[in-house]
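Below you'll find the structure, written out as structure tokens, and then a few comments.
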Amino acid sequence: MALASLGVSIGGLAIGSLANSTPLVAYRAVPTYFSDDANWVTVKNQAGGISYVIMNPNSGPGAAVDAGWVARLAQLGSQPKMLGYVPTTYAARPLVDVIADIDKYEQWYGVTSIFLDETPWGCSQTAYYASLATYVRANGGVLIMNPGGLPLNCMIDIPDVIVSFENNMQAYLSSTALNPPGYSPQKFWHLIYGAPTGRHREIEELARLRGAGHVYVTSDDLPNPWDGIETFPAVPITATTIVSGDSTTTTTPTTTSSVTSTTVPEPTTTTTTTTTIETTSRTAVPLSPAGVSTTSIARTSVSGSPGSSTTPPGRVAAPA
């Protein structure tokens with residue numbers, strides 16, 4: 001059902017279609033690829049409206065514990081949930097190296113939830129990523145994957161949350177892609193950069209209407225739109241009055257709900273039958289798809305160095 005058919009417009013424009021499931025509440029989830037304390041103070045001040053942030057010491061956990069990150073984590077507390085950044089180079093990184101990075105976040109910083117970057121759209125590497133999902137969840141962590149666009153269902157099923165859009169505002173406004181049916185809005189995260197400050201609330205509301213349970217909009221742009229944080233209300237995103245230019249429009253969901261808490265709902269854990277994992281003391285033993293070793297991966301593995309790769313259009317590789 002098109003927005004126009006409901007008499008709803010965003011900034012005077014009828015854009016895209018309503019999602020199969022529109023959340024009453026969405027949260028800002030911020031790719032916080034910065035380490036300066038001033039920006040992290042802003043994160044702390046706005047934490048009430050944020051579901052996830054990402055720590056990325058050095059395109060991954062780095063070579064040693066960073067005292068600055070220990071202090072930032074202590075200051076931030078339990079909300080929002082911190083994710084450890086781990087690149088996978090579209091499954092080209094050896095699985096043992098990815099596991100070693102995951103272990104470092106837990107052992108050095110107590111961070112068990114993971115943001116896997118540079119993940120593919122297709123189904124050829126489902127066993128690789130399913131083994132990582134099992135490994136992260138075995139310690140109570142949440143797994144986020146970032147293909148930068150809406151992948152096939154075989155990949156959507158693996159993580160708890162998937163970044164199904166990462167591109168600029170113009171690409172977002174022209175996109176007509178919908179979330180596939182049968183998934184919670186909390187499964188999807190939209191990242192939009194290059195948006196003028198005056199249009200942030202408008203784009204956030206559009207993301208909510210499109211079924212994204214997590215969204216972040218920034219005026220920052222390439223080459224690294226994630227090197228700072230925008231100022232926004234420290235509350236979740238709900239149906240609200242959108243003001244853009246001379247147009248004022250109120251969007252109202254078909255049902256109402258009062259928001260009495262800013263607690264972010266935990267994503268529903270999904271399971272796949274793509275691969276099976278035997279775990280003993282969190283030792284992952286993946287099956288042997290092409291390019292994946294059958295060697296037991298212990299949590300004391302030695303990390304390798306991240307590889308490099310080109311990215312799909314619009315995708316932003318994390319800075320080194």
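FYI, nothing fancy with the structure tokens labels: chains A, B, ... in order, residues from 1 per chain, ligands from 1 as they appear.
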For A:Phe34, list every protein, DNA or RNA residue within 10 Å, evaluated using only C-alpha atoms, and leave out those in the same chain fewer than 5 positions away; present the list as number ranges by chain.
A: 39-40, 54-57, 226-229, 319
Atoms to include: C-alpha atoms. Write the selected residues as a short mmCIF file (atom, residue, chain, number, x, y, z; two decimals), in the first residue's frame.
```cif
data_model
loop_
_atom_site.label_atom_id
_atom_site.label_comp_id
_atom_site.auth_asym_id
_atom_site.auth_seq_id
_atom_site.Cartn_x
_atom_site.Cartn_y
_atom_site.Cartn_z
CA ASN A 39 31.59 12.53 20.65
CA TRP A 40 31.23 9.76 23.24
CA ILE A 54 29.91 0.23 17.64
CA MET A 55 33.41 0.26 19.07
CA ASN A 56 36.11 0.05 16.41
CA PRO A 57 39.57 0.62 17.90
CA TRP A 226 30.42 7.70 10.50
CA ASP A 227 33.22 9.77 12.09
CA GLY A 228 30.92 11.85 14.30
CA ILE A 229 27.44 11.77 15.81
CA PRO A 319 38.41 3.46 8.39
#
```
List every residue of stretch 97-273 of chain A that DSSP, applied to the backbone, labels as strand (DSSP E), and write the result as a PyMOL selection string.
chain A and resi 114-117+143-146+161-168+188-193+214-217+237-238+241-244+247-250
Using only C-alpha atoms, please write the residues we just selected to a file, as a PDB file, in the first residue's frame.
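Output saved as out_20.pdb:
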```
ATOM      1  CA  ILE A 114      29.405  -8.278  17.450  1.00  0.00           C
ATOM      2  CA  PHE A 115      29.002  -6.184  14.277  1.00  0.00           C
ATOM      3  CA  LEU A 116      30.244  -8.209  11.292  1.00  0.00           C
ATOM      4  CA  ASP A 117      31.097  -5.886   8.414  1.00  0.00           C
ATOM      5  CA  LEU A 143      25.027 -10.641  16.093  1.00  0.00           C
ATOM      6  CA  ILE A 144      24.616  -7.856  13.530  1.00  0.00           C
ATOM      7  CA  MET A 145      25.680  -8.296   9.890  1.00  0.00           C
ATOM      8  CA  ASN A 146      26.249  -5.542   7.335  1.00  0.00           C
ATOM      9  CA  VAL A 161      19.871  -7.682  13.048  1.00  0.00           C
ATOM     10  CA  ILE A 162      20.891  -6.943   9.453  1.00  0.00           C
ATOM     11  CA  VAL A 163      21.908  -3.607   7.905  1.00  0.00           C
ATOM     12  CA  SER A 164      19.594  -3.758   4.899  1.00  0.00           C
ATOM     13  CA  PHE A 165      20.370  -0.261   3.620  1.00  0.00           C
ATOM     14  CA  GLU A 166      23.557   1.819   3.676  1.00  0.00           C
ATOM     15  CA  ASN A 167      23.705   4.629   1.146  1.00  0.00           C
ATOM     16  CA  ASN A 168      22.997   8.332   0.686  1.00  0.00           C
ATOM     17  CA  PHE A 188      16.367  -4.322  10.080  1.00  0.00           C
ATOM     18  CA  TRP A 189      18.760  -1.375  10.361  1.00  0.00           C
ATOM     19  CA  HIS A 190      18.875   1.474   7.818  1.00  0.00           C
ATOM     20  CA  LEU A 191      21.909   3.792   7.523  1.00  0.00           C
ATOM     21  CA  ILE A 192      21.465   7.003   5.528  1.00  0.00           C
ATOM     22  CA  TYR A 193      24.189   9.603   5.019  1.00  0.00           C
ATOM     23  CA  HIS A 214      16.879   0.690  13.856  1.00  0.00           C
ATOM     24  CA  VAL A 215      17.950   3.733  11.829  1.00  0.00           C
ATOM     25  CA  TYR A 216      20.632   6.392  11.710  1.00  0.00           C
ATOM     26  CA  VAL A 217      20.584   9.529   9.561  1.00  0.00           C
ATOM     27  CA  ILE A 237      11.489   7.503  17.151  1.00  0.00           C
ATOM     28  CA  THR A 238       7.686   7.374  17.167  1.00  0.00           C
ATOM     29  CA  THR A 241       4.819  15.656  13.297  1.00  0.00           C
ATOM     30  CA  ILE A 242       7.298  15.993  10.457  1.00  0.00           C
ATOM     31  CA  VAL A 243       8.305  19.482   9.355  1.00  0.00           C
ATOM     32  CA  SER A 244      10.149  19.889   6.052  1.00  0.00           C
ATOM     33  CA  SER A 247       5.081  21.354   4.584  1.00  0.00           C
ATOM     34  CA  THR A 248       3.902  19.983   7.927  1.00  0.00           C
ATOM     35  CA  THR A 249       2.444  16.498   8.041  1.00  0.00           C
ATOM     36  CA  THR A 250       1.443  14.273  10.921  1.00  0.00           C
TER      37      THR A 250
END
```
Residues near A:Ala195, cut-off 9 Å, only C-alpha atoms, skip fewer than 6 positions along chain, as a PDB file with N, CA, C and O atoms, in the first residue's frame:
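Result saved to around-v7.pdb:
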```
ATOM      1  N   ASN A 168      23.325   6.927   0.457  1.00  0.00           N
ATOM      2  CA  ASN A 168      22.997   8.332   0.686  1.00  0.00           C
ATOM      3  C   ASN A 168      21.496   8.591   0.639  1.00  0.00           C
ATOM      4  O   ASN A 168      20.703   7.705   0.280  1.00  0.00           O
ATOM      5  N   MET A 169      21.116   9.813   0.995  1.00  0.00           N
ATOM      6  CA  MET A 169      19.707  10.152   1.104  1.00  0.00           C
ATOM      7  C   MET A 169      18.977  10.014  -0.228  1.00  0.00           C
ATOM      8  O   MET A 169      17.850   9.495  -0.278  1.00  0.00           O
ATOM      9  N   GLN A 170      19.588  10.465  -1.317  1.00  0.00           N
ATOM     10  CA  GLN A 170      18.910  10.394  -2.604  1.00  0.00           C
ATOM     11  C   GLN A 170      18.622   8.949  -2.998  1.00  0.00           C
ATOM     12  O   GLN A 170      17.552   8.640  -3.529  1.00  0.00           O
ATOM     13  N   ILE A 203      13.447  11.791   7.359  1.00  0.00           N
ATOM     14  CA  ILE A 203      14.003  10.527   6.878  1.00  0.00           C
ATOM     15  C   ILE A 203      13.878   9.441   7.952  1.00  0.00           C
ATOM     16  O   ILE A 203      13.615   8.272   7.645  1.00  0.00           O
ATOM     17  N   VAL A 217      20.524   8.548  10.644  1.00  0.00           N
ATOM     18  CA  VAL A 217      20.584   9.529   9.561  1.00  0.00           C
ATOM     19  C   VAL A 217      21.615  10.582   9.925  1.00  0.00           C
ATOM     20  O   VAL A 217      21.598  11.115  11.040  1.00  0.00           O
ATOM     21  N   THR A 218      22.505  10.888   8.987  1.00  0.00           N
ATOM     22  CA  THR A 218      23.538  11.889   9.251  1.00  0.00           C
ATOM     23  C   THR A 218      23.714  12.816   8.057  1.00  0.00           C
ATOM     24  O   THR A 218      23.489  12.411   6.905  1.00  0.00           O
ATOM     25  N   SER A 219      24.122  14.035   8.343  1.00  0.00           N
ATOM     26  CA  SER A 219      24.465  14.981   7.276  1.00  0.00           C
ATOM     27  C   SER A 219      25.893  14.770   6.797  1.00  0.00           C
ATOM     28  O   SER A 219      26.292  15.294   5.750  1.00  0.00           O
ATOM     29  N   ASP A 220      26.664  14.025   7.549  1.00  0.00           N
ATOM     30  CA  ASP A 220      28.039  13.702   7.150  1.00  0.00           C
ATOM     31  C   ASP A 220      27.995  12.879   5.856  1.00  0.00           C
ATOM     32  O   ASP A 220      26.974  12.285   5.519  1.00  0.00           O
ATOM     33  N   ASP A 221      29.109  12.842   5.147  1.00  0.00           N
ATOM     34  CA  ASP A 221      29.117  12.207   3.834  1.00  0.00           C
ATOM     35  C   ASP A 221      30.434  11.479   3.623  1.00  0.00           C
ATOM     36  O   ASP A 221      31.314  11.486   4.499  1.00  0.00           O
TER      37      ASP A 221
END
```
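Of the listed residues (A:Ser131, A:Gln107, A:Ser113, A:Thr119), A:Thr119 comes nearest to A:Thr89; the distances count only C-alpha atoms.
Comparing the minimum interatomic distances between A:Glu204 and each of A:Pro159, A:Pro225, A:Pro236, A:Gly141, counting only C-alpha atoms, we find that A:Pro236 sits nearest.
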Pull the alpha helix (DSSP H) assignments for stretch 28-261 of chain A out of DSSP run on the backbone, and list those residues as a ChimeraX atom specification.
/A:37-45,67-76,95-109,126-137,153-156,169-174,200-209
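Among the candidate residues A:Ser78, A:Asn45, A:Ser51, A:Thr134, the one lying nearest to A:Gly110 is A:Ser78, with distances computed using only C-alpha atoms.
Proximity to A:Pro87 was assessed for A:Ala67, A:Asn139, A:Asn58, A:Asp103 counting only C-alpha atoms; the smallest distance is recorded for A:Asn58.
Note that the spacing between atom CA of A:Gly182 and atom CA of A:Cys123 amounts to 19.0 Å.
Minimum atom-to-atom distance to A:Ala171, evaluated using only C-alpha atoms, belongs to A:Gly194 out of A:Pro223, A:Arg210, A:Val65, A:Gly194.
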Neighbouring residues of A:Thr112 were defined as those with any atom within 12 Å, considering only C-alpha atoms; residues of the same chain fewer than 3 positions away were excluded. Please report them as number ranges by chain.
A: 54-55, 81-86, 99, 101-109, 115, 133, 135-144
Got a sec: who's within 6 Å of A:Pro185, counting only C-alpha atoms, leaving out chain neighbours fewer than 5 positions off, as a list in words?
Gly211, Ala212 and Gly213 of chain A
Residues as selected, N, CA and C atoms, written as an mmCIF file, in the first residue's frame, can you do that?
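Dumped everything to again_38.cif:
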```cif
data_model
loop_
_atom_site.group_PDB
_atom_site.id
_atom_site.type_symbol
_atom_site.label_atom_id
_atom_site.label_comp_id
_atom_site.auth_asym_id
_atom_site.auth_seq_id
_atom_site.Cartn_x
_atom_site.Cartn_y
_atom_site.Cartn_z
ATOM 1 N N GLY A 211 9.592 0.061 7.940
ATOM 2 C CA GLY A 211 9.758 -1.152 8.726
ATOM 3 C C GLY A 211 11.121 -1.362 9.327
ATOM 4 N N ALA A 212 11.901 -0.278 9.475
ATOM 5 C CA ALA A 212 13.214 -0.401 10.112
ATOM 6 C C ALA A 212 13.071 -0.170 11.608
ATOM 7 N N GLY A 213 13.461 -1.153 12.407
ATOM 8 C CA GLY A 213 13.440 -0.980 13.858
ATOM 9 C C GLY A 213 14.628 -0.194 14.367
#
```
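Atom to atom, atom CA of A:Leu173 and atom CA of A:Glu202 stand 10.8 Å apart.
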Would you list the contacts of A:Tyr128 as a ChimeraX atom specification, taking every protein, DNA or RNA residue within 7 Å and counting only C-alpha atoms, but skipping same-chain residues closer than 3 positions in sequence?
/A:91,125,131-132,292
Atoms to include: C-alpha atoms. Write the selected residues as a tab-separated table (two decimals), in the first residue's frame.
```tsv
chain	number	residue	atom	x	y	z
A	91	ALA	CA	33.99	-14.43	3.92
A	125	GLN	CA	28.76	-18.50	2.43
A	131	SER	CA	29.03	-20.72	12.51
A	132	LEU	CA	29.88	-17.18	13.66
A	292	VAL	CA	36.09	-22.82	5.45
```
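Atom CA of A:Leu76 lies 16.4 Å from atom CA of A:Val235.
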